[in-house]
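Data block below; observations after.
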Amino acid sequence: MLNYRMHKNILIIGYGDIGSRLKSYLDDCKISLYTLSRSAVEQENVFSYQWDWLSDKLFDLKDISFDSIIIIPKPSERNEDGYMNGFIKSLSNIEKSLVLTRYKKIIAISSTRVYGADQIGILNEEITPKPTDYRGTIIKEYEELLKSFFGNKLTILRFSGLYDERSIKQPFNKLHRNNAAKAIKFFIDTNKQSLDSNTFNCSEDMNLILSERCIDNSKLKSFGLLFKQFT
């Protein structure tokens with residue numbers, strides 16, 4: 001028999017590789033997973049809905065109460081218009097759709113790209129991002145929109161450069177895709193709140209080189225999340 005006090009409904013907007021990895025860490029007996037993506041998802045124990053977040057249509061899931069909603073944005077193309085569509089226009093459509101949706105918290109994925117090329121040394125969440133290209137500038141605007149839309153229900157996870165077992169070259173500031181999924185699961189499970197802001201840099205440990213951009217993960221560690229090291 002389903003224990004409704006323990007059971008959680010989770011919605012992933014932008015279901016893809018990270019979402020699929022996250023699913024593998026979730027307990028199907030305790031969680032019902034709902035997904036929204038441009039293409040229908042055919043996976044066991046997933047309630048999949050097809051939705052184009054660049055369309056003028058809104059999704060309607062107002063009859064379901066969600067514990068967590070995860071937003072995983074993706075540029076529609078690798079140019080400035082594509083980033084505007086994937087981060088800004090899509091978020092506006094998501095916010096309009098969520099007006100009538102019941103949820104406890106939003107976990108939104110961002111990027112350490114918000115830090116500019118001129119920002120070197122140890123970069124933590126207290127340092128104001130100063131992006132130096134359109135990608136970082138748009139993602140910073142996306143973060144500000146998230147804060148204005150969702151307030152204290154929001155957690156922002158800034159991912160460093162993603163890699164996996166297929167990657168030929170790893171970024172200097174890096175995050176394995178499995179660790180990215182585990183970071184999301186950690187914040188699904190925790191009810192901790194930060195005293196300053198709920199923005200977290202998600203990057204694996206590194207050998208510090210102060211002449212490089214070094215993404216600091218101390219705040220994440222202070223919350224109890226340690227990443228597995230992949231070789």
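Ordered as shown in the structure tokens, chains take letters A, B, and onward, while each chain numbers its residues from 1 and ligands are numbered from 1 in the order shown.
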Exercise for review: Assign secondary structure with DSSP using the backbone only, and return the residues of segment 6-189 of chain A in alpha helix (DSSP H) as a PyMOL selection string.
Suggested key: chain A and resi 17-25+80-83+90-98+134-150+177-189
Exercise for review: Mind the document's chain letters and residue numbers, and return as a list of chain:residue names the residues of segment 126-211 of chain A that DSSP labels strand (DSSP E or B).
Suggested key: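 In segment 126-211 of chain A, DSSP puts these residues in strand (DSSP E or B): A:Leu154, A:Thr155, A:Ile156, A:Leu157, A:Arg158, A:Phe159, A:Gly161, A:Leu162, A:Tyr163, A:Lys174, A:Leu175, A:His176, A:Thr199, A:Phe200, A:Asn201, A:Cys202.
Interatomic distance, atom CA of Asp216 of chain A to atom CA of Leu175 of chain A: 12.3 Å.
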Point to revise | Near-segment 101-109 of chain A list (6 Å; only C-alpha atoms; drop same-chain fewer than 4 positions) as an NGL selection string | key: :A and (62 or 65-72 or 153-157)
Review point. Do you know which residues are at most 7 Å from segment 18-21 of chain A counting only C-alpha atoms, after dropping those on the same chain fewer than 5 positions away, and could you put them as number ranges by chain?
Key: A: 12, 177-178, 181
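Nearest residue to Phe47 of chain A among A:Asn124, A:Asn9, A:Asn179, A:Ser24 is A:Asn9, counting only C-alpha atoms.
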Exercise for review: Might you pull out every residue within 12 Å of Asn79 of chain A, with only C-alpha atoms counted and same-chain residues fewer than 5 positions away left off, and present them as a ChimeraX atom specification?
Suggested key: /A:74,84-86,133-135,138
Check your understanding: So which residues touch segment 140-147 of chain A within 8 Å, counting only C-alpha atoms, skipping near sequence neighbours fewer than 6 positions away, as a PyMOL selection string?
Key -> chain A and resi 87-88+91+108+110+114+129+131+154+156
Review point. Out of A:Asn45, A:Asp81, A:Thr199, A:Ser148, which residue has the shortest atom-to-atom distance to Ile31 of chain A when counting only C-alpha atoms?
Key: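 For Ile31 of chain A, the nearest of the given residues is A:Asn45.
For the pair atom CA of Asn152 of chain A and atom CA of Ser197 of chain A, the interatomic distance is 8.9 Å.
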**Study point:** A:Phe172, A:Tyr83, A:Phe223, A:Tyr115 ranked by distance to Glu204 of chain A, top pick (using only C-alpha atoms)
**Key:**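 Among A:Phe172, A:Tyr83, A:Phe223, A:Tyr115, it is A:Phe172 that comes nearest to Glu204 of chain A.
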Exercise for review: Would you kindly return, as a PyMOL selection string, each protein, DNA or RNA residue with an atom no farther than 9 Å from any atom of Lys219 of chain A, considering only C-alpha atoms and excluding same-chain residues fewer than 5 positions away?
Suggested key: chain A and resi 124-125+200-201
Exercise for review: Can you work out which one of A:Ile120, A:Phe230, A:Arg78, A:Thr35 has the shortest atom-to-atom distance to Ser167 of chain A, counting only C-alpha atoms?
Suggested key: A:Phe230
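Closest approach to Leu61 of chain A from the set A:Leu22, A:Val41, A:Ile127, A:Ile10 is made by A:Ile10, with distances taken over only C-alpha atoms.
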